[in-house]
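As provided, protein.txt (compact mmCIF, N, CA and C atoms) reads as follows.
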```txt
# COMPACT_ATOMS: atom_id res chain seq x y z
N MET L 1 0.84 -1.18 0.00
CA MET L 1 0.00 0.00 0.00
C MET L 1 0.89 1.24 0.00
N SER L 2 0.59 2.15 -0.90
CA SER L 2 1.37 3.37 -1.04
C SER L 2 0.92 4.41 -0.01
N CYS L 3 1.85 5.24 0.40
CA CYS L 3 1.51 6.29 1.35
C CYS L 3 1.22 7.61 0.63
N TYR L 4 1.16 7.58 -0.70
CA TYR L 4 0.88 8.79 -1.47
C TYR L 4 -0.61 9.06 -1.56
N ILE L 5 -0.95 10.33 -1.51
CA ILE L 5 -2.32 10.75 -1.76
C ILE L 5 -2.61 10.60 -3.25
N HIS L 6 -1.65 11.01 -4.05
CA HIS L 6 -1.76 10.95 -5.52
C HIS L 6 -1.01 9.71 -6.02
N GLN L 7 -1.55 8.54 -5.76
CA GLN L 7 -0.86 7.30 -6.08
C GLN L 7 -0.59 7.13 -7.57
N ASP L 8 -1.55 7.48 -8.41
CA ASP L 8 -1.36 7.31 -9.85
C ASP L 8 -0.27 8.24 -10.37
N LEU L 9 -0.19 9.45 -9.83
CA LEU L 9 0.85 10.38 -10.25
C LEU L 9 2.22 9.93 -9.76
N ALA L 10 2.30 9.49 -8.52
CA ALA L 10 3.57 9.04 -7.94
C ALA L 10 4.08 7.79 -8.65
N ALA L 11 3.18 7.02 -9.24
CA ALA L 11 3.57 5.78 -9.92
C ALA L 11 4.28 6.05 -11.24
N GLY L 12 4.32 7.29 -11.69
CA GLY L 12 5.05 7.58 -12.90
C GLY L 12 4.48 8.65 -13.79
N ARG L 13 3.18 8.83 -13.76
CA ARG L 13 2.56 9.80 -14.66
C ARG L 13 3.07 11.22 -14.41
N TRP L 14 3.35 11.55 -13.16
CA TRP L 14 3.84 12.88 -12.80
C TRP L 14 5.14 13.21 -13.52
N PHE L 15 5.98 12.21 -13.68
CA PHE L 15 7.31 12.41 -14.22
C PHE L 15 7.32 12.51 -15.74
N LYS L 16 6.16 12.49 -16.34
CA LYS L 16 6.02 12.69 -17.78
C LYS L 16 5.45 14.07 -18.10
N MET L 17 5.04 14.77 -17.05
CA MET L 17 4.43 16.09 -17.22
C MET L 17 5.50 17.17 -17.29
N ALA L 18 5.18 18.26 -18.00
CA ALA L 18 6.06 19.42 -18.06
C ALA L 18 6.08 20.12 -16.69
N LEU L 19 7.11 20.90 -16.46
CA LEU L 19 7.23 21.61 -15.18
C LEU L 19 6.04 22.54 -14.95
N ALA L 20 5.62 23.25 -15.98
CA ALA L 20 4.47 24.15 -15.81
C ALA L 20 3.23 23.38 -15.41
N ASP L 21 3.04 22.18 -15.97
CA ASP L 21 1.90 21.35 -15.59
C ASP L 21 2.01 20.89 -14.14
N GLN L 22 3.19 20.48 -13.75
CA GLN L 22 3.39 20.02 -12.37
C GLN L 22 3.12 21.15 -11.38
N LEU L 23 3.74 22.30 -11.61
CA LEU L 23 3.57 23.41 -10.66
C LEU L 23 2.18 24.02 -10.76
N GLY L 24 1.58 23.96 -11.93
CA GLY L 24 0.19 24.42 -12.06
C GLY L 24 -0.76 23.55 -11.27
N ASN L 25 -0.53 22.23 -11.30
CA ASN L 25 -1.37 21.32 -10.51
C ASN L 25 -1.17 21.54 -9.02
N ALA L 26 0.07 21.71 -8.61
CA ALA L 26 0.34 22.01 -7.20
C ALA L 26 -0.34 23.33 -6.83
N GLY L 27 -0.28 24.28 -7.75
CA GLY L 27 -0.90 25.58 -7.52
C GLY L 27 -2.41 25.51 -7.35
N SER L 28 -3.05 24.56 -8.02
CA SER L 28 -4.49 24.38 -7.83
C SER L 28 -4.80 24.04 -6.38
N GLU L 29 -3.96 23.18 -5.81
CA GLU L 29 -4.14 22.83 -4.39
C GLU L 29 -3.81 24.01 -3.49
N VAL L 30 -2.81 24.79 -3.86
CA VAL L 30 -2.49 26.00 -3.09
C VAL L 30 -3.68 26.94 -3.10
N GLY L 31 -4.29 27.12 -4.26
CA GLY L 31 -5.48 27.98 -4.36
C GLY L 31 -6.61 27.48 -3.47
N ARG L 32 -6.81 26.17 -3.45
CA ARG L 32 -7.84 25.60 -2.58
C ARG L 32 -7.50 25.88 -1.11
N ALA L 33 -6.23 25.72 -0.77
CA ALA L 33 -5.81 25.96 0.62
C ALA L 33 -6.05 27.42 1.02
N VAL L 34 -5.71 28.33 0.14
CA VAL L 34 -5.91 29.76 0.43
C VAL L 34 -7.41 30.04 0.59
N ASN L 35 -8.22 29.49 -0.29
CA ASN L 35 -9.67 29.70 -0.19
C ASN L 35 -10.25 29.11 1.10
N TRP L 36 -9.85 27.89 1.44
CA TRP L 36 -10.35 27.29 2.69
C TRP L 36 -9.85 28.07 3.90
N ASN L 37 -8.65 28.60 3.82
CA ASN L 37 -8.12 29.40 4.92
C ASN L 37 -8.95 30.66 5.12
N ARG L 38 -9.32 31.31 4.02
CA ARG L 38 -10.17 32.51 4.10
C ARG L 38 -11.51 32.19 4.77
N ARG L 39 -12.02 31.01 4.51
CA ARG L 39 -13.31 30.59 5.07
C ARG L 39 -13.18 30.09 6.50
N GLY L 40 -11.94 29.92 6.97
CA GLY L 40 -11.73 29.46 8.34
C GLY L 40 -11.84 27.97 8.52
N ASN L 41 -11.83 27.21 7.44
CA ASN L 41 -11.93 25.75 7.53
C ASN L 41 -10.52 25.16 7.51
N ILE L 42 -9.96 25.00 8.69
CA ILE L 42 -8.57 24.56 8.83
C ILE L 42 -8.39 23.11 8.37
N ILE L 43 -9.37 22.27 8.59
CA ILE L 43 -9.25 20.86 8.17
C ILE L 43 -9.13 20.77 6.65
N GLN L 44 -10.02 21.43 5.93
CA GLN L 44 -9.96 21.41 4.46
C GLN L 44 -8.71 22.12 3.96
N ARG L 45 -8.32 23.20 4.62
CA ARG L 45 -7.08 23.90 4.25
C ARG L 45 -5.89 22.96 4.36
N ASN L 46 -5.81 22.26 5.48
CA ASN L 46 -4.68 21.35 5.69
C ASN L 46 -4.69 20.18 4.71
N ASN L 47 -5.88 19.70 4.36
CA ASN L 47 -5.97 18.64 3.36
C ASN L 47 -5.43 19.11 2.01
N ALA L 48 -5.80 20.33 1.61
CA ALA L 48 -5.30 20.88 0.35
C ALA L 48 -3.80 21.13 0.43
N LEU L 49 -3.33 21.60 1.58
CA LEU L 49 -1.89 21.82 1.75
C LEU L 49 -1.11 20.51 1.67
N ASP L 50 -1.63 19.48 2.28
CA ASP L 50 -0.97 18.18 2.21
C ASP L 50 -0.84 17.71 0.77
N ARG L 51 -1.90 17.91 -0.01
CA ARG L 51 -1.86 17.53 -1.42
C ARG L 51 -0.85 18.39 -2.19
N ALA L 52 -0.85 19.69 -1.93
CA ALA L 52 0.08 20.59 -2.61
C ALA L 52 1.53 20.24 -2.27
N LEU L 53 1.80 20.01 -1.00
CA LEU L 53 3.17 19.67 -0.59
C LEU L 53 3.62 18.35 -1.19
N GLU L 54 2.70 17.38 -1.28
CA GLU L 54 3.06 16.11 -1.90
C GLU L 54 3.41 16.32 -3.38
N LEU L 55 2.63 17.12 -4.08
CA LEU L 55 2.92 17.37 -5.48
C LEU L 55 4.25 18.10 -5.64
N LEU L 56 4.54 19.02 -4.75
CA LEU L 56 5.84 19.69 -4.80
C LEU L 56 6.96 18.72 -4.50
N ASP L 57 6.75 17.80 -3.57
CA ASP L 57 7.76 16.78 -3.29
C ASP L 57 8.01 15.90 -4.51
N LEU L 58 6.95 15.56 -5.23
CA LEU L 58 7.12 14.77 -6.45
C LEU L 58 7.88 15.58 -7.50
N THR L 59 7.62 16.86 -7.58
CA THR L 59 8.35 17.72 -8.52
C THR L 59 9.82 17.80 -8.14
N ILE L 60 10.09 17.92 -6.87
CA ILE L 60 11.49 17.96 -6.39
C ILE L 60 12.20 16.66 -6.72
N ALA L 61 11.48 15.55 -6.66
CA ALA L 61 12.07 14.24 -6.95
C ALA L 61 12.29 14.01 -8.44
N ASP L 62 11.70 14.84 -9.28
CA ASP L 62 11.83 14.69 -10.74
C ASP L 62 13.22 15.17 -11.17
N SER L 63 14.05 14.26 -11.62
CA SER L 63 15.44 14.57 -11.95
C SER L 63 15.59 15.57 -13.10
N ARG L 64 14.54 15.79 -13.88
CA ARG L 64 14.62 16.75 -14.98
C ARG L 64 14.76 18.19 -14.49
N TRP L 65 14.37 18.45 -13.26
CA TRP L 65 14.34 19.83 -12.77
C TRP L 65 15.49 20.14 -11.81
N GLN L 66 16.58 19.43 -11.91
CA GLN L 66 17.71 19.66 -11.01
C GLN L 66 18.19 21.11 -11.07
N ASN L 67 18.11 21.73 -12.25
CA ASN L 67 18.55 23.12 -12.37
C ASN L 67 17.54 24.12 -11.79
N ARG L 68 16.36 23.65 -11.41
CA ARG L 68 15.32 24.52 -10.84
C ARG L 68 15.03 24.19 -9.37
N LEU L 69 15.82 23.31 -8.79
CA LEU L 69 15.53 22.84 -7.43
C LEU L 69 15.47 23.96 -6.40
N THR L 70 16.37 24.91 -6.49
CA THR L 70 16.39 26.00 -5.50
C THR L 70 15.05 26.72 -5.49
N GLU L 71 14.53 27.03 -6.66
CA GLU L 71 13.25 27.74 -6.76
C GLU L 71 12.09 26.89 -6.24
N ILE L 72 12.07 25.62 -6.63
CA ILE L 72 10.97 24.74 -6.24
C ILE L 72 10.99 24.50 -4.73
N ILE L 73 12.16 24.25 -4.19
CA ILE L 73 12.29 24.01 -2.74
C ILE L 73 11.93 25.28 -1.97
N ARG L 74 12.32 26.42 -2.49
CA ARG L 74 11.99 27.69 -1.84
C ARG L 74 10.47 27.90 -1.81
N ALA L 75 9.80 27.63 -2.92
CA ALA L 75 8.34 27.77 -2.97
C ALA L 75 7.69 26.84 -1.95
N ARG L 76 8.20 25.61 -1.85
CA ARG L 76 7.66 24.66 -0.89
C ARG L 76 7.86 25.17 0.54
N HIS L 77 9.05 25.70 0.80
CA HIS L 77 9.36 26.22 2.13
C HIS L 77 8.45 27.39 2.49
N LEU L 78 8.24 28.30 1.54
CA LEU L 78 7.34 29.44 1.79
C LEU L 78 5.94 28.97 2.13
N LEU L 79 5.46 28.00 1.37
CA LEU L 79 4.11 27.48 1.59
C LEU L 79 3.98 26.82 2.97
N ALA L 80 4.94 25.98 3.31
CA ALA L 80 4.90 25.29 4.60
C ALA L 80 5.02 26.29 5.76
N ASP L 81 5.91 27.27 5.62
CA ASP L 81 6.09 28.26 6.67
C ASP L 81 4.83 29.12 6.84
N LEU L 82 4.20 29.45 5.72
CA LEU L 82 3.00 30.29 5.78
C LEU L 82 1.88 29.64 6.57
N PHE L 83 1.61 28.36 6.29
CA PHE L 83 0.44 27.73 6.89
C PHE L 83 0.75 26.80 8.06
N TYR L 84 1.90 26.17 8.05
CA TYR L 84 2.23 25.23 9.12
C TYR L 84 3.26 25.78 10.10
N GLY L 85 3.97 26.82 9.67
CA GLY L 85 4.98 27.41 10.52
C GLY L 85 4.47 28.68 11.18
N ARG L 86 5.38 29.59 11.43
CA ARG L 86 5.01 30.86 12.07
C ARG L 86 5.03 32.03 11.09
N ASN L 87 5.08 31.70 9.80
CA ASN L 87 5.17 32.70 8.74
C ASN L 87 6.30 33.69 9.01
N GLU L 88 7.44 33.14 9.35
CA GLU L 88 8.62 33.96 9.62
C GLU L 88 9.11 34.69 8.38
N LEU L 89 8.71 34.21 7.21
CA LEU L 89 9.13 34.83 5.96
C LEU L 89 8.13 35.87 5.47
N ASN L 90 7.08 36.10 6.27
CA ASN L 90 6.06 37.12 5.98
C ASN L 90 5.44 36.96 4.59
N THR L 91 5.10 35.74 4.28
CA THR L 91 4.47 35.45 3.00
C THR L 91 2.99 35.80 3.06
N ILE L 92 2.50 36.39 2.00
CA ILE L 92 1.08 36.73 1.88
C ILE L 92 0.42 35.61 1.08
N PRO L 93 -0.67 35.03 1.58
CA PRO L 93 -1.30 33.91 0.88
C PRO L 93 -1.60 34.20 -0.59
N GLU L 94 -2.10 35.38 -0.88
CA GLU L 94 -2.44 35.72 -2.25
C GLU L 94 -1.20 35.80 -3.14
N ALA L 95 -0.06 36.16 -2.57
CA ALA L 95 1.18 36.25 -3.35
C ALA L 95 1.67 34.88 -3.78
N ILE L 96 1.63 33.92 -2.87
CA ILE L 96 2.09 32.58 -3.25
C ILE L 96 1.09 31.93 -4.19
N GLU L 97 -0.18 32.23 -4.02
CA GLU L 97 -1.20 31.73 -4.95
C GLU L 97 -0.95 32.30 -6.36
N LYS L 98 -0.63 33.57 -6.42
CA LYS L 98 -0.34 34.23 -7.71
C LYS L 98 0.88 33.62 -8.37
N TYR L 99 1.92 33.32 -7.59
CA TYR L 99 3.13 32.69 -8.12
C TYR L 99 2.78 31.40 -8.85
N PHE L 100 1.99 30.56 -8.22
CA PHE L 100 1.62 29.28 -8.83
C PHE L 100 0.65 29.46 -9.99
N ASN L 101 -0.17 30.50 -9.96
CA ASN L 101 -1.11 30.73 -11.05
C ASN L 101 -0.40 30.98 -12.38
N TYR L 102 0.79 31.58 -12.32
CA TYR L 102 1.54 31.80 -13.56
C TYR L 102 1.90 30.48 -14.23
N PHE L 103 2.19 29.47 -13.44
CA PHE L 103 2.49 28.16 -14.01
C PHE L 103 1.25 27.52 -14.61
N ALA L 104 0.12 27.70 -13.95
CA ALA L 104 -1.13 27.15 -14.49
C ALA L 104 -1.46 27.82 -15.82
N LEU L 105 -1.22 29.13 -15.92
CA LEU L 105 -1.47 29.83 -17.18
C LEU L 105 -0.52 29.35 -18.27
N ALA L 106 0.75 29.16 -17.91
CA ALA L 106 1.73 28.66 -18.88
C ALA L 106 1.35 27.26 -19.35
N ALA L 107 0.91 26.42 -18.43
CA ALA L 107 0.49 25.06 -18.80
C ALA L 107 -0.71 25.11 -19.72
N ARG L 108 -1.65 25.97 -19.43
CA ARG L 108 -2.85 26.10 -20.26
C ARG L 108 -2.49 26.58 -21.65
N ASN L 109 -1.47 27.45 -21.74
CA ASN L 109 -1.04 27.98 -23.04
C ASN L 109 -0.04 27.06 -23.74
N GLY L 110 0.26 25.93 -23.12
CA GLY L 110 1.15 24.96 -23.75
C GLY L 110 2.61 25.30 -23.74
N LYS L 111 3.04 26.07 -22.75
CA LYS L 111 4.46 26.46 -22.68
C LYS L 111 5.18 25.70 -21.61
```
Translate this file's structure into structure tokens.
Amino acid sequence: MSCYIHQDLAAGRWFKMALADQLGNAGSEVGRAVNWNRRGNIIQRNNALDRALELLDLTIADSRWQNRLTEIIRARHLLADLFYGRNELNTIPEAIEKYFNYFALAARNGK
């Protein structure tokens, strides 16, 4: 039994996707987390965050992005610090959501 939430993606499909698609998908979960946070539903927020962090972990594990690891790991750190930490980096939820939205737009435009 796998411990992944996204078992089908972790089994290999994720590693065939472009970086914009990967980060755009993670960004969808970030958007859900931000929305649930605004509504005060911490359980749903944390569920979305867990999914987003898992997708970022899968992206970090993708050997094709070794030259982008610093950026990807930094984005993951900002997200975790914002919602699970003490927000020591003073991240604004809408700013990190906007960062990921650019990848979703690039994926939609096929770039």
Write down as a ChimeraX atom specification the residues of chain L whose backbone DSSP state falls under alpha helix (DSSP H). /L:7-10,19-39,42-61,69-83,93-108
So that I can check the surroundings of Leu49 (chain L), please list as number ranges by chain every protein, DNA and RNA residue that reaches within 8 Å of it, counting only N, CA and C atoms and ignoring chain neighbours fewer than 4 positions away. L: 29-30, 32-34, 43-45, 53-55, 79
Which region 23-78 of chain L residues have any atom within 12 Å of an atom of region 86-92 of chain L, and for each, what is the nearest pair of atoms with distance in Å to one decimal, counting only C-alpha atoms, rows sorted by chain and number, as CSV?
```
residue,atom,partner,partner_atom,distance
L:Val34,CA,L:Ile92,CA,10.0
L:Arg74,CA,L:Leu89,CA,11.0
L:Ala75,CA,L:Thr91,CA,10.5
L:Arg76,CA,L:Thr91,CA,11.9
L:His77,CA,L:Leu89,CA,9.4
L:Leu78,CA,L:Thr91,CA,6.8
```
Which of L:Asn37, L:Asp62, L:Asp50, L:Ile42 sits closest to Trp14 (chain L) [using only N, CA and C atoms]: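 So, comparing all the options, the nearest one is L:Asp62.
Comparing the minimum interatomic distances between Ala104 (chain L) and each of L:Leu23, L:Ala18, L:Leu9, L:Leu56, counting all atoms listed in the file, we find that L:Leu23 sits nearest.
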